[in-house]
Amino acid sequence: MPDARMEPDGLLRTGLNIGKPYQNALVSVQAFPWLEISGRYRRVDGVSTDLGPQYGAQKDKSIALKVRLISEGALGQAWIPQISYGREDLFGTKIYPSEFLVASKGIGDVDLTLGYGRQRIDGVFGGIRFRPSSLQRWYGLIEYDATAYRSDYRSEEAGLANRKTGHVNAAIGYQSDWWGIQVGSSYNKPSVLVQLRAPTNRREWAPWVSEAPAYQPLNTRPTTAEWDANPDWAQTLRIRMDREGFRDVGLKYEQGVMRVAFSSTRHLLASRAVARAARLALAHTPLEAKAIELTPMINGMATKTYAFNRLDVLSDFFAGTATLATLQQHTQLRPADATAQPAPLDDATLEALVYAQREDIPVATRVAAGAGTLALDDARGNTLGLSPYTRIFLNDPSGAFKYELGLQLGGRYEFTRSTTLEGTLRGRIAETVTDVKQPSNSLLPKVRTDIAEYFRGANVKLDRLQLNQFWQPAANWYARASGGLYEEMFGGAGAQVMYVAPSGRWAADVMGDWLRQRDFKGTGFQAYKTTTGYASLHMRLPYDMLASVRAGRFLAKDEGARFELKRRFASGITMGVWYTHTNGRDITAPGTPEKPYQDKGIFISMPLNLLLTRDSAAVATFSLAPWTRDVGQMVSQSADLVGMFERSMLYNLRGKEALRGFTDAPADTEAKP
């Protein structure tokens with residue numbers, strides 16, 4: 001039975017609950033302090049799927065919401081309980097719906113709950129949870145269960161027809177920060193719940209014990225005359241920035257200002273990259289300098305310039321004698337123009353520099369291994385990496401679980417700072433997707449539903465080979481043109497223009513692509529052609545949220561809009577949902593002629609530095625969406641400007657957030673509403 005309590009903000013839980021005849025895979029997230037969103041994938045023992053016994057047991061997906069209406073002790077009145085409202089099985093088949101209002105009140109070590117529900121929860125329910133103060137991780141509970149099991153879908157086959165509404169259940173459990181287990185009795189049958197817990201609003205999960213310590217200068221800074229007379233100062237700064245993971249470093253010192261432009265291959269936050277670059281620049285900047293200006297670059301496009309106008313304050317901050325708030329007062333963030341940034345060294349000079357025989361100079365090409373990836377990169381930013389990949393497909397009629405495992409070889413070559421070639425070659429090791437034998441019954445152009453045919457086409461495939469050209473026509477304006485093989489199913493050519501507001505609170509872009517569908521083997525093209533295009537607006541909201549709306553023409557030539565809402569937590573984990581409404585009439589089940597199906601899904605992206613022992617810009621993305629649908633589909637575009645700039649600009653430009661990650665202390669990165 002539900003209670004009125006909320007988990008800590010940002011907590012992500014996943015687990016398995018078994019209580020005959022149901023087996024439930026669960027996932028929930030405390031999306032806001034006042035809102036919990038959860039999903040359930042239920043298997044019913046003894047009940048075959050509606051498609052027939054050859055397809056196994058009946059399964060159902062559902063989504064639930066719980067909203068806190070009143071906090072405990074509201075208005076300064078200690079007697080007021082916490083009150084929440086909830087809905088279960090909001091979308092889809094809706095065969096297990098419930099609606100409830102529930103109150104919880106803590107009295108010492110005891111938490112009392114009383115609620116009322118309708119539909120599947122039928123009437124009054126309640127319970128007592130006891131958590132001794134001397135054993136905070138342990139608890140016991142007793143509840144009165146008001147579930148109307150007899151009204152469940154095909155309850156007779158499930159053995160529930162004689163189960164009366166109303167029963168006293170009991171359980172004991174153990175819960176830590178990262179996992180929990182609960183065992184008990186439900187309607188005189190054993191039940192067990194096992195869960196994993198991830199605190200997404202905690203910045204550090206694994207300590208960065210392998211992270212190189214911030215650079216501490218060993219020698220005195222040069223004078224302006226020494227800097228001008230001896231190029232070793234500039235070369236040493238470039239070398240040390242290369243070791244820190246900076247690429248395409250451009251330097252210029254004139255009129256008392258040190259200007260540094262760079263790209264970063266390993267820092268998750270742009271502001272943390274700036275912090276590391278600021279330490280290095282300060283240690284090598286002439287004593288007479290008045291300011292240091294640092295500009296992170298992305299594919300030759302400038303993001304924002306961080307101007308530190310009081311070097312004594314910057315020095316005191318790194319020495320620990322000035323606060324972050326004081327540094328913020330003397331830091332200016334302003335729009336940056338790519339044409340005004342110092343250029344990196346030419347290839348010949350850079351190669352000679354990194355190959356020079358000095359004790360602290362790295363070799364030109366580095367090899368790094370971590371998180372299952374073997375990667376090579378050089379001082380220019382060219383990369384080549386080998387890593388495993390996996391794709392999982394759920395709930396196909398031919399089997400609830402399908403998978404693909406393999407290795408992918410990915411690389412990036414930089415012709416110039418703003419002209420790149422990217423590619424990915426995939427080799428499949430094992431898969432079960434080709435077991436799907438039934439053909440697509442889609443009435444729309446089959447832009448996604450022939451996925452099993454693509455799996456049967458070839459085990460080794462050039463998944464992507466894309467040439468990109470980037471421009472920055474003016475400060476806050478960005479553009480790109482791309483052509484080649486975008487993804488497994490489509491290739492083509494297209495362009496995008498984006499504007500980012502100086503405040504970083506919003507951005508807008510327009511993009512369009514001429515596309516042709518690739519054949520199943522990946523060596524040619526099919527006859528299907530289409531043109532897609534979208535006008536988009538992206539708005540920064542409280543709680544580190546980003547709302548986006550994209551209106552235009554989709555892959556199956558349907559027209560409409562896609563809505564996205566996502567929240568970024570202090571750990572860097574981002575969770576979101578999307579819903580697309582178009583005029584494409586997807587009337588195959590569960591769509592109907594009266595209510596055509598519309599595309600929707602949820603996604604999570606997780607920075608891998610949470611699991612590593614050092615900072616990393618690598619991010620893993622997971623999404624859950626219908627994989628046999630053609631309506632509301634978009635081509636996968638690796639060079640999307642919004643995706644490139646989202647982390648460094650839309651999430652990293654306002655007030656204290658502009659210096660988020662500027663120290664290694666967790667307090668300076670906590671997300672605030």
# chains A, B, ... in the order shown; residues from 1 in each chain; ligands from 1
>>> residues_around(residues="A:Ala273", least_positions_apart="6", cutoff="9 Å", atoms="only C-alpha atoms", output="list in words")
Phe246, Ser263, Ser264, Arg266, His267, Pro296, Gly661 and Phe662 of chain A
>>> closest_atom_pairs(of="stretch 549-629 of chain A", to="stretch 525-545 of chain A", cutoff="10 Å", atoms="only C-alpha atoms", output="tab-separated table")
residue	atom	partner	partner_atom	distance
A:Val549	CA	A:Ser536	CA	5.6
A:Arg550	CA	A:Ser536	CA	4.3
A:Ala551	CA	A:Tyr534	CA	5.3
A:Gly552	CA	A:Tyr534	CA	4.3
A:Arg553	CA	A:Thr532	CA	5.0
A:Phe554	CA	A:Thr532	CA	5.4
A:Leu555	CA	A:Thr532	CA	6.2
A:Ala556	CA	A:Thr530	CA	7.8
A:Lys557	CA	A:Thr530	CA	6.9
A:Asp558	CA	A:Thr532	CA	9.4
A:Glu559	CA	A:Thr532	CA	9.4
A:Gly560	CA	A:Tyr534	CA	9.5
A:Ala561	CA	A:Tyr534	CA	8.6
A:Arg562	CA	A:Ser536	CA	9.3
A:Phe563	CA	A:Ser536	CA	9.8
A:Glu564	CA	A:His538	CA	9.2
A:Leu565	CA	A:Met545	CA	7.1
A:Lys566	CA	A:Met545	CA	5.5
A:Arg567	CA	A:Met545	CA	4.2
A:Arg568	CA	A:Asp544	CA	5.5
A:Phe569	CA	A:Asp544	CA	7.2
A:Ala570	CA	A:Asp544	CA	9.0
A:Thr574	CA	A:Met545	CA	9.1
A:Met575	CA	A:Met545	CA	9.5
A:Gly576	CA	A:Met545	CA	9.1
>>> write_last_selection(atoms="C-alpha atoms", output="compact mmCIF listing (two decimals), in the first residue's frame")
# COMPACT_ATOMS: atom_id res chain seq x y z
CA VAL A 549 9.55 21.85 -28.17
CA ARG A 550 10.37 20.86 -31.76
CA ALA A 551 7.78 21.48 -34.45
CA GLY A 552 8.11 20.25 -38.00
CA ARG A 553 8.19 17.24 -40.32
CA PHE A 554 9.29 13.79 -39.09
CA LEU A 555 10.81 10.73 -40.77
CA ALA A 556 7.54 9.12 -41.87
CA LYS A 557 6.50 12.44 -43.49
CA ASP A 558 4.13 13.10 -40.60
CA GLU A 559 3.93 16.64 -39.22
CA GLY A 560 3.56 17.76 -35.64
CA ALA A 561 5.55 18.59 -32.52
CA ARG A 562 7.79 16.80 -30.03
CA PHE A 563 7.82 17.95 -26.40
CA GLU A 564 10.69 17.16 -24.02
CA LEU A 565 11.20 17.87 -20.34
CA LYS A 566 14.35 16.84 -18.51
CA ARG A 567 16.06 17.57 -15.24
CA ARG A 568 19.76 17.54 -14.50
CA PHE A 569 20.77 16.51 -10.98
CA ALA A 570 23.92 17.48 -9.06
CA THR A 574 19.81 13.74 -16.48
CA MET A 575 16.34 12.22 -16.63
CA GLY A 576 13.56 13.18 -18.95
>>> select_by_dssp(residues="stretch 294-530 of chain A", states="alpha helix (DSSP H)", output="PDB file with N, CA, C and O atoms, in the first residue's frame")
ATOM      1  N   LEU A 311      43.697  39.122 -10.668  1.00  0.00           N
ATOM      2  CA  LEU A 311      44.524  37.926 -10.555  1.00  0.00           C
ATOM      3  C   LEU A 311      44.950  37.672  -9.123  1.00  0.00           C
ATOM      4  O   LEU A 311      45.240  36.521  -8.757  1.00  0.00           O
ATOM      5  N   ASP A 312      44.995  38.715  -8.295  1.00  0.00           N
ATOM      6  CA  ASP A 312      45.312  38.488  -6.890  1.00  0.00           C
ATOM      7  C   ASP A 312      44.198  37.700  -6.200  1.00  0.00           C
ATOM      8  O   ASP A 312      44.468  36.813  -5.373  1.00  0.00           O
ATOM      9  N   VAL A 313      42.934  37.983  -6.560  1.00  0.00           N
ATOM     10  CA  VAL A 313      41.813  37.228  -5.996  1.00  0.00           C
ATOM     11  C   VAL A 313      41.835  35.786  -6.506  1.00  0.00           C
ATOM     12  O   VAL A 313      41.598  34.834  -5.750  1.00  0.00           O
ATOM     13  N   LEU A 314      42.126  35.606  -7.803  1.00  0.00           N
ATOM     14  CA  LEU A 314      42.212  34.256  -8.360  1.00  0.00           C
ATOM     15  C   LEU A 314      43.312  33.465  -7.664  1.00  0.00           C
ATOM     16  O   LEU A 314      43.122  32.291  -7.310  1.00  0.00           O
ATOM     17  N   SER A 315      44.451  34.100  -7.433  1.00  0.00           N
ATOM     18  CA  SER A 315      45.551  33.438  -6.737  1.00  0.00           C
ATOM     19  C   SER A 315      45.171  33.088  -5.305  1.00  0.00           C
ATOM     20  O   SER A 315      45.454  31.982  -4.819  1.00  0.00           O
ATOM     21  N   ASP A 316      44.510  34.028  -4.618  1.00  0.00           N
ATOM     22  CA  ASP A 316      44.088  33.759  -3.238  1.00  0.00           C
ATOM     23  C   ASP A 316      43.065  32.621  -3.185  1.00  0.00           C
ATOM     24  O   ASP A 316      43.069  31.811  -2.251  1.00  0.00           O
ATOM     25  N   PHE A 317      42.181  32.567  -4.198  1.00  0.00           N
ATOM     26  CA  PHE A 317      41.190  31.485  -4.209  1.00  0.00           C
ATOM     27  C   PHE A 317      41.870  30.127  -4.327  1.00  0.00           C
ATOM     28  O   PHE A 317      41.550  29.195  -3.589  1.00  0.00           O
ATOM     29  N   PHE A 318      42.809  29.999  -5.250  1.00  0.00           N
ATOM     30  CA  PHE A 318      43.504  28.725  -5.404  1.00  0.00           C
ATOM     31  C   PHE A 318      44.368  28.402  -4.186  1.00  0.00           C
ATOM     32  O   PHE A 318      44.636  27.235  -3.902  1.00  0.00           O
ATOM     33  N   ALA A 319      44.773  29.423  -3.447  1.00  0.00           N
ATOM     34  CA  ALA A 319      45.560  29.207  -2.224  1.00  0.00           C
ATOM     35  C   ALA A 319      44.665  28.900  -1.031  1.00  0.00           C
ATOM     36  O   ALA A 319      45.171  28.557   0.042  1.00  0.00           O
ATOM     37  N   LEU A 324      34.660  31.296  -2.917  1.00  0.00           N
ATOM     38  CA  LEU A 324      34.101  31.214  -4.262  1.00  0.00           C
ATOM     39  C   LEU A 324      33.234  32.438  -4.557  1.00  0.00           C
ATOM     40  O   LEU A 324      33.221  32.942  -5.683  1.00  0.00           O
ATOM     41  N   ALA A 325      32.522  32.918  -3.536  1.00  0.00           N
ATOM     42  CA  ALA A 325      31.679  34.101  -3.730  1.00  0.00           C
ATOM     43  C   ALA A 325      32.525  35.322  -4.073  1.00  0.00           C
ATOM     44  O   ALA A 325      32.138  36.144  -4.910  1.00  0.00           O
ATOM     45  N   THR A 326      33.679  35.450  -3.435  1.00  0.00           N
ATOM     46  CA  THR A 326      34.563  36.578  -3.739  1.00  0.00           C
ATOM     47  C   THR A 326      35.090  36.476  -5.163  1.00  0.00           C
ATOM     48  O   THR A 326      35.122  37.473  -5.904  1.00  0.00           O
ATOM     49  N   LEU A 327      35.482  35.268  -5.566  1.00  0.00           N
ATOM     50  CA  LEU A 327      35.963  35.082  -6.935  1.00  0.00           C
ATOM     51  C   LEU A 327      34.866  35.414  -7.938  1.00  0.00           C
ATOM     52  O   LEU A 327      35.126  36.023  -8.978  1.00  0.00           O
ATOM     53  N   GLN A 328      33.649  35.026  -7.622  1.00  0.00           N
ATOM     54  CA  GLN A 328      32.536  35.284  -8.525  1.00  0.00           C
ATOM     55  C   GLN A 328      32.351  36.781  -8.771  1.00  0.00           C
ATOM     56  O   GLN A 328      32.021  37.203  -9.887  1.00  0.00           O
ATOM     57  N   GLN A 329      32.584  37.593  -7.738  1.00  0.00           N
ATOM     58  CA  GLN A 329      32.422  39.042  -7.875  1.00  0.00           C
ATOM     59  C   GLN A 329      33.400  39.643  -8.876  1.00  0.00           C
ATOM     60  O   GLN A 329      33.134  40.703  -9.450  1.00  0.00           O
ATOM     61  N   ASP A 347      50.033  22.128 -37.428  1.00  0.00           N
ATOM     62  CA  ASP A 347      50.331  20.726 -37.148  1.00  0.00           C
ATOM     63  C   ASP A 347      51.822  20.463 -37.010  1.00  0.00           C
ATOM     64  O   ASP A 347      52.257  19.724 -36.113  1.00  0.00           O
ATOM     65  N   ALA A 348      52.636  21.039 -37.872  1.00  0.00           N
ATOM     66  CA  ALA A 348      54.074  20.763 -37.840  1.00  0.00           C
ATOM     67  C   ALA A 348      54.697  21.265 -36.540  1.00  0.00           C
ATOM     68  O   ALA A 348      55.488  20.565 -35.899  1.00  0.00           O
ATOM     69  N   THR A 349      54.336  22.480 -36.132  1.00  0.00           N
ATOM     70  CA  THR A 349      54.890  23.032 -34.894  1.00  0.00           C
ATOM     71  C   THR A 349      54.402  22.249 -33.684  1.00  0.00           C
ATOM     72  O   THR A 349      55.168  21.964 -32.759  1.00  0.00           O
ATOM     73  N   LEU A 350      53.118  21.882 -33.689  1.00  0.00           N
ATOM     74  CA  LEU A 350      52.567  21.122 -32.576  1.00  0.00           C
ATOM     75  C   LEU A 350      53.228  19.759 -32.464  1.00  0.00           C
ATOM     76  O   LEU A 350      53.585  19.307 -31.371  1.00  0.00           O
ATOM     77  N   GLU A 351      53.430  19.106 -33.591  1.00  0.00           N
ATOM     78  CA  GLU A 351      54.073  17.793 -33.572  1.00  0.00           C
ATOM     79  C   GLU A 351      55.493  17.892 -33.034  1.00  0.00           C
ATOM     80  O   GLU A 351      55.917  17.076 -32.213  1.00  0.00           O
ATOM     81  N   ALA A 352      56.226  18.903 -33.470  1.00  0.00           N
ATOM     82  CA  ALA A 352      57.588  19.088 -32.968  1.00  0.00           C
ATOM     83  C   ALA A 352      57.590  19.351 -31.471  1.00  0.00           C
ATOM     84  O   ALA A 352      58.462  18.873 -30.740  1.00  0.00           O
ATOM     85  N   LEU A 353      56.579  20.080 -30.995  1.00  0.00           N
ATOM     86  CA  LEU A 353      56.528  20.419 -29.576  1.00  0.00           C
ATOM     87  C   LEU A 353      56.255  19.198 -28.713  1.00  0.00           C
ATOM     88  O   LEU A 353      56.954  18.938 -27.740  1.00  0.00           O
ATOM     89  N   VAL A 354      55.248  18.409 -29.087  1.00  0.00           N
ATOM     90  CA  VAL A 354      54.879  17.293 -28.232  1.00  0.00           C
ATOM     91  C   VAL A 354      55.864  16.132 -28.333  1.00  0.00           C
ATOM     92  O   VAL A 354      55.896  15.263 -27.465  1.00  0.00           O
ATOM     93  N   ILE A 451      13.347  -3.032 -38.146  1.00  0.00           N
ATOM     94  CA  ILE A 451      14.637  -3.155 -37.470  1.00  0.00           C
ATOM     95  C   ILE A 451      15.174  -4.578 -37.501  1.00  0.00           C
ATOM     96  O   ILE A 451      16.387  -4.794 -37.622  1.00  0.00           O
ATOM     97  N   ALA A 452      14.295  -5.580 -37.410  1.00  0.00           N
ATOM     98  CA  ALA A 452      14.774  -6.961 -37.462  1.00  0.00           C
ATOM     99  C   ALA A 452      15.446  -7.258 -38.793  1.00  0.00           C
ATOM    100  O   ALA A 452      16.421  -8.028 -38.860  1.00  0.00           O
ATOM    101  N   GLU A 453      14.964  -6.652 -39.874  1.00  0.00           N
ATOM    102  CA  GLU A 453      15.589  -6.856 -41.183  1.00  0.00           C
ATOM    103  C   GLU A 453      16.990  -6.253 -41.216  1.00  0.00           C
ATOM    104  O   GLU A 453      17.896  -6.796 -41.862  1.00  0.00           O
ATOM    105  N   TYR A 454      17.187  -5.138 -40.535  1.00  0.00           N
ATOM    106  CA  TYR A 454      18.524  -4.549 -40.462  1.00  0.00           C
ATOM    107  C   TYR A 454      19.481  -5.460 -39.690  1.00  0.00           C
ATOM    108  O   TYR A 454      20.672  -5.539 -40.004  1.00  0.00           O
ATOM    109  N   PHE A 455      18.969  -6.147 -38.684  1.00  0.00           N
ATOM    110  CA  PHE A 455      19.809  -7.081 -37.939  1.00  0.00           C
ATOM    111  C   PHE A 455      20.174  -8.289 -38.800  1.00  0.00           C
ATOM    112  O   PHE A 455      21.275  -8.825 -38.694  1.00  0.00           O
ATOM    113  N   ARG A 456      19.242  -8.724 -39.625  1.00  0.00           N
ATOM    114  CA  ARG A 456      19.536  -9.860 -40.487  1.00  0.00           C
ATOM    115  C   ARG A 456      20.457  -9.481 -41.640  1.00  0.00           C
ATOM    116  O   ARG A 456      21.060 -10.341 -42.266  1.00  0.00           O
ATOM    117  N   GLY A 457      20.591  -8.177 -41.906  1.00  0.00           N
ATOM    118  CA  GLY A 457      21.350  -7.737 -43.067  1.00  0.00           C
ATOM    119  C   GLY A 457      22.833  -8.024 -42.998  1.00  0.00           C
ATOM    120  O   GLY A 457      23.431  -8.515 -43.968  1.00  0.00           O
TER     121      GLY A 457
END
>>> residues_around(residues="A:Gly584", least_positions_apart="2", cutoff="12 Å", atoms="only C-alpha atoms", output="ChimeraX atom specification")
/A:442-445,553-561,580-582,586-588,591,593,595-599,629-633
>>> select_by_dssp(residues="stretch 412-463 of chain A", states="strand (DSSP E)", output="PyMOL selection string")
chain A and resi 412-416+419-431+460-463
>>> residues_around(residues="A:Val110", least_positions_apart="2", cutoff="10 Å", atoms="only C-alpha atoms", output="list in words")
Lys105, Gly106, Ile107, Gly108, Leu112, Thr113, Ile128, Arg129, Phe130, Arg131, Pro132, Ser133, Tyr139, Gly140 and Leu141 of chain A
>>> write_last_selection(atoms="all heavy atoms", output="tab-separated table (two decimals), in the first residue's frame")
chain	number	residue	atom	x	y	z
A	105	LYS	N	2.00	10.42	9.27
A	105	LYS	CA	2.43	11.25	10.40
A	105	LYS	C	3.42	10.47	11.24
A	105	LYS	O	3.18	9.33	11.63
A	105	LYS	CB	1.22	11.64	11.27
A	105	LYS	CG	1.58	12.53	12.44
A	105	LYS	CD	1.86	13.94	11.94
A	105	LYS	CE	2.22	14.88	13.10
A	105	LYS	NZ	3.58	14.66	13.62
A	106	GLY	N	4.58	11.10	11.51
A	106	GLY	CA	5.59	10.47	12.33
A	106	GLY	C	5.41	10.81	13.79
A	106	GLY	O	5.21	11.98	14.15
A	107	ILE	N	5.51	9.79	14.64
A	107	ILE	CA	5.46	9.96	16.09
A	107	ILE	C	6.60	9.14	16.68
A	107	ILE	O	6.51	7.91	16.78
A	107	ILE	CB	4.11	9.51	16.68
A	107	ILE	CG1	2.96	10.27	16.02
A	107	ILE	CG2	4.09	9.72	18.19
A	107	ILE	CD1	1.58	9.81	16.47
A	108	GLY	N	7.70	9.79	17.00
A	108	GLY	CA	8.86	9.08	17.50
A	108	GLY	C	9.42	8.15	16.45
A	108	GLY	O	9.68	8.56	15.30
A	112	LEU	N	2.78	6.58	10.98
A	112	LEU	CA	1.42	6.11	10.79
A	112	LEU	C	0.89	6.58	9.44
A	112	LEU	O	1.12	7.73	9.04
A	112	LEU	CB	0.52	6.65	11.90
A	112	LEU	CG	0.95	6.36	13.34
A	112	LEU	CD1	0.03	7.05	14.32
A	112	LEU	CD2	0.97	4.86	13.59
A	113	THR	N	0.17	5.71	8.75
A	113	THR	CA	-0.39	6.04	7.43
A	113	THR	C	-1.86	5.66	7.38
A	113	THR	O	-2.26	4.60	7.87
A	113	THR	CB	0.37	5.30	6.32
A	113	THR	OG1	1.68	5.85	6.20
A	113	THR	CG2	-0.33	5.45	4.98
A	128	ILE	N	1.39	0.85	9.74
A	128	ILE	CA	2.34	1.34	10.73
A	128	ILE	C	3.73	0.87	10.33
A	128	ILE	O	3.94	-0.33	10.06
A	128	ILE	CB	2.00	0.82	12.14
A	128	ILE	CG1	0.59	1.25	12.56
A	128	ILE	CG2	3.03	1.30	13.15
A	128	ILE	CD1	0.13	0.61	13.86
A	129	ARG	N	4.66	1.81	10.26
A	129	ARG	CA	6.06	1.46	10.00
A	129	ARG	C	6.88	1.84	11.23
A	129	ARG	O	6.81	2.98	11.70
A	129	ARG	CB	6.58	2.20	8.77
A	129	ARG	CG	8.02	1.83	8.39
A	129	ARG	CD	8.50	2.69	7.23
A	129	ARG	NE	7.72	2.47	6.04
A	129	ARG	CZ	8.05	1.62	5.06
A	129	ARG	NH1	9.19	0.93	5.15
A	129	ARG	NH2	7.29	1.45	4.02
A	130	PHE	N	7.66	0.89	11.72
A	130	PHE	CA	8.48	1.11	12.92
A	130	PHE	C	9.95	1.03	12.52
A	130	PHE	O	10.41	0.02	11.99
A	130	PHE	CB	8.16	0.07	13.98
A	130	PHE	CG	9.08	0.13	15.17
A	130	PHE	CD1	9.08	1.23	16.03
A	130	PHE	CD2	9.97	-0.91	15.44
A	130	PHE	CE1	9.94	1.29	17.12
A	130	PHE	CE2	10.82	-0.86	16.53
A	130	PHE	CZ	10.81	0.24	17.37
A	131	ARG	N	10.68	2.12	12.77
A	131	ARG	CA	12.11	2.18	12.47
A	131	ARG	C	12.83	2.62	13.74
A	131	ARG	O	12.84	3.81	14.08
A	131	ARG	CB	12.38	3.16	11.34
A	131	ARG	CG	13.80	3.08	10.78
A	131	ARG	CD	14.05	4.16	9.73
A	131	ARG	NE	13.18	4.04	8.58
A	131	ARG	CZ	13.47	3.33	7.49
A	131	ARG	NH1	14.61	2.66	7.43
A	131	ARG	NH2	12.62	3.28	6.48
A	132	PRO	N	13.42	1.67	14.49
A	132	PRO	CA	14.05	2.04	15.77
A	132	PRO	C	15.19	3.02	15.57
A	132	PRO	O	16.00	2.87	14.64
A	132	PRO	CB	14.52	0.70	16.33
A	132	PRO	CG	14.60	-0.21	15.15
A	132	PRO	CD	13.55	0.25	14.19
A	133	SER	N	15.27	4.03	16.42
A	133	SER	CA	16.31	5.06	16.29
A	133	SER	C	17.70	4.48	16.46
A	133	SER	O	18.67	5.03	15.93
A	133	SER	CB	16.06	6.16	17.32
A	133	SER	OG	15.96	5.63	18.63
A	139	TYR	N	13.65	-1.79	9.55
A	139	TYR	CA	12.28	-1.38	9.81
A	139	TYR	C	11.36	-2.59	9.77
A	139	TYR	O	11.67	-3.64	9.19
A	139	TYR	CB	11.80	-0.33	8.80
A	139	TYR	CG	11.73	-0.83	7.37
A	139	TYR	CD1	10.58	-1.44	6.87
A	139	TYR	CD2	12.82	-0.70	6.51
A	139	TYR	CE1	10.52	-1.91	5.57
A	139	TYR	CE2	12.77	-1.16	5.21
A	139	TYR	CZ	11.61	-1.76	4.74
A	139	TYR	OH	11.56	-2.23	3.45
A	140	GLY	N	10.22	-2.44	10.40
A	140	GLY	CA	9.15	-3.42	10.32
A	140	GLY	C	7.86	-2.70	9.98
A	140	GLY	O	7.69	-1.52	10.31
A	141	LEU	N	6.93	-3.39	9.31
A	141	LEU	CA	5.67	-2.72	8.96
A	141	LEU	C	4.52	-3.71	9.00
A	141	LEU	O	4.67	-4.91	8.76
A	141	LEU	CB	5.77	-2.05	7.60
A	141	LEU	CG	5.95	-2.89	6.33
A	141	LEU	CD1	4.62	-3.38	5.77
A	141	LEU	CD2	6.66	-2.08	5.26
>>> residues_around(residues="A:Ser185", least_positions_apart="3", cutoff="8 Å", atoms="only C-alpha atoms", output="MDAnalysis selection string")
chainID A and resid 169:171 188:191
>>> write_last_selection(atoms="all heavy atoms", output="CSV table (one decimal), in the first residue's frame")
chain,number,residue,atom,x,y,z
A,169,ASN,N,-1.2,-7.5,6.1
A,169,ASN,CA,0.1,-8.0,5.7
A,169,ASN,C,1.2,-7.5,6.6
A,169,ASN,O,1.0,-6.5,7.3
A,169,ASN,CB,0.4,-7.5,4.3
A,169,ASN,CG,-0.6,-7.9,3.3
A,169,ASN,OD1,-1.2,-9.0,3.4
A,169,ASN,ND2,-0.9,-7.0,2.3
A,170,ALA,N,2.3,-8.1,6.6
A,170,ALA,CA,3.5,-7.7,7.5
A,170,ALA,C,4.8,-8.0,6.8
A,170,ALA,O,4.9,-8.9,5.9
A,170,ALA,CB,3.4,-8.4,8.8
A,171,ALA,N,5.8,-7.2,7.1
A,171,ALA,CA,7.1,-7.4,6.5
A,171,ALA,C,8.2,-6.7,7.4
A,171,ALA,O,7.9,-5.9,8.2
A,171,ALA,CB,7.2,-6.7,5.1
A,188,ASN,N,-1.1,-14.1,3.1
A,188,ASN,CA,-0.6,-15.4,3.6
A,188,ASN,C,0.3,-16.1,2.6
A,188,ASN,O,0.5,-17.3,2.6
A,188,ASN,CB,-1.8,-16.3,3.9
A,188,ASN,CG,-2.7,-15.7,5.0
A,188,ASN,OD1,-2.2,-15.1,6.0
A,188,ASN,ND2,-4.0,-15.9,4.9
A,189,LYS,N,0.8,-15.3,1.6
A,189,LYS,CA,1.8,-15.8,0.7
A,189,LYS,C,3.1,-15.0,0.8
A,189,LYS,O,3.1,-13.8,1.1
A,189,LYS,CB,1.3,-15.8,-0.8
A,189,LYS,CG,0.1,-16.6,-1.0
A,189,LYS,CD,-0.3,-16.6,-2.5
A,189,LYS,CE,-1.5,-17.5,-2.7
A,189,LYS,NZ,-1.2,-18.9,-2.5
A,190,PRO,N,4.3,-15.7,0.7
A,190,PRO,CA,5.5,-15.0,0.9
A,190,PRO,C,5.7,-13.9,-0.2
A,190,PRO,O,5.3,-14.1,-1.4
A,190,PRO,CB,6.6,-16.1,0.8
A,190,PRO,CG,5.9,-17.2,0.0
A,190,PRO,CD,4.5,-17.1,0.4
A,191,SER,N,6.3,-12.8,0.2
A,191,SER,CA,6.7,-11.8,-0.8
A,191,SER,C,8.1,-11.3,-0.5
A,191,SER,O,8.5,-11.3,0.6
A,191,SER,CB,5.7,-10.6,-0.7
A,191,SER,OG,5.8,-9.9,0.5
>>> residues_around(residues="stretch 427-439 of chain A", least_positions_apart="5", cutoff="10 Å", atoms="only C-alpha atoms", output="PyMOL selection string")
chain A and resi 388-393+396-399+401-409+449-463
>>> atom_distance(atom1="atom CA of A:Pro21", atom2="atom CA of A:Asp45")
5.1 Å
>>> residues_around(residues="A:Glu204", least_positions_apart="5", cutoff="9 Å", atoms="only C-alpha atoms", output="list of chain:residue names")
A:Ala570, A:Ser571, A:Asn609, A:Leu610, A:Pro666
